[in-house]
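Colleague: Input: one structure, supplied below.
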Amino acid sequence: MERLFTILNHLKNNSGLTATKLAQLCSTTERTIYRDVKKLDDLGFQVISMGKKGYYLVDAPQTNYPAKLTQEEYLALHLFHSMACQNKDEKSILSNCYNSAMKKVMASLKVSNNQTDLTKSLNERIRIYDNQLNKEQLDFTKVLVEAFLNNISVCCSYDSAASKTVIERTIDPYYLITRAGNYYLIAYCHHHKEIRTYRLSRFKKIGLTAQNFSLPKDFDIEDYLSNMWQIFDENENITFKVRFAKTITRYVKEELYYSDPILTELPGGGLLMEVTVKSGSEFLRWLLKYGSQAEILYPKKYRDQMKQEIEAMLELYSGSDAGDDK
C-alpha cells in the first residue's frame, strides 16, 4: 500500500513518468508497476498510459463536489457533446452512455433554471451532423470499443477496394479516427503482417476473437498519421509545390489541413503551397476541385499526371452532349 501512495505522489508532481522510471523511483520492477497501476484503477484513481509518453493521473475519488457551476461551465459540458457528435436519432458513438453519465454528474451539481433552459434552446439551434454512423456501423463500433478496452483481436469481412472482393481477415484494432467525414480503423493485419488502414463503412462483419494482443509501445499514432494528406499512405514522401490564383487564395487559406502546408503570398496576388504528403494520388484528387485556378509546379511527374487527367476530361466533354433533352 505504501508503494501505491508513492506512485500517486510521483504522478501528481511529475506527469508523464514511464513504467521504467516509476520502477526506478520505487525500487521495484516494471511488471510490479503495471500491477500497481491496475490496483490504483480498481481503487478509483484514474491513471492512463500514453505509451512512450508515460503515465498520467487523470482523476481521483471525489468526496466534495463544486458548489455551483458557472453558466459558461454548464454550457460547455452540454454543448461540447452537441458540437462533437449531435444526432437526432442518438446514433453517435456511445451517445446513450454519455447521456447517462451526464445525468449522474448533473444530479450532484447545483445549477439554476435559466441555465438548463438556455442549454435546451441552444442544443436545438446548433445542428452538426458530420461523421454519422448508420446502425450497422454503430454496431461495429460497439464491438471495436470492447476490443479497445480489452485489447482483443477481431475477425472481420471487409470489402477491399484493392482486390475488389470481400476478404476475411483477423486484425488487431489500434485506433479509430475520422478523416474528411469518414471513420477509419488503424489496425495490424495478421495476414499481411503490417499495420493497415480500413474504412469503417466497408466492413461487412466484425466479431471478437478469443485472442488478445498488446499495442506496440513503439507505435505512435501521431507519427503514423504525419504527412498524410487525409488517410492514405503510399509509402513515400512526395513534396508538392502548387500555385493558386489570386481569386481563390482566401479559400485555400480557410481550409483545414491534416498535414502542415507552407503557404506563401506571391507578389501581385496568388498563393504558393509547399507540402510533403504520403499519397500523391490523394493530393491530386483534392487539387482537382480548384480546376484551372491551381497549377502544379513540382514534381514534374504529378504535373504530367494532372495534364493527362485534364486532357481526358476535355475528350470526355468534347463528345456528344449527353445531357441534352431529346
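Labeling convention for the C-alpha cells: chains A, B, ... as they appear, residues from 1 per chain, ligands from 1 in order of appearance.
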Using only C-alpha atoms, which protein or nucleic acid residues come within 12 Å of A:Leu263? Drop anything in the same chain fewer than 3 positions from it, and give the result as a list in words.

Modeller: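 The filter keeps Phe240, Lys241, Val242, Arg243, Phe244, Thr249, Arg250, Val252, Lys253, Glu254, Glu255, Tyr257, Asp260, Leu266, Gly270, Leu271, Leu272, Met273, Glu274 and Val275 of chain A.
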
Colleague: Counting only C-alpha atoms, what is within 6 Å of stretch 149-152 of chain A, bar same-chain residues fewer than 4 positions away, as a list in words?

Modeller: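 In the requested format, the answer is Gln211, Asn212 and Phe213 of chain A.
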
Colleague: Can you work out which one of A:Asn9, A:Gln308, A:Trp229, A:Asp36 has the shortest atom-to-atom distance to A:Ala180, counting only C-alpha atoms?

Modeller: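 The closest residue to A:Ala180 is A:Trp229.
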
Colleague: Taking only C-alpha atoms into account, which of A:Leu22, A:Lys307, A:Tyr34, A:Lys12 comes nearest A:Val58?

Modeller: A:Lys12

Colleague: Quote the spacing between atom CA of A:Ser281 and atom CA of A:Lys301 in Å to one decimal place.

Modeller: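 So the answer is 11.3 Å.
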
Colleague: If you run DSSP on the backbone here, which positions in stretch 254-321 of chain A get alpha helix (DSSP H)? Please write them as a PyMOL selection string.

Modeller: chain A and resi 254+280-287+300-317
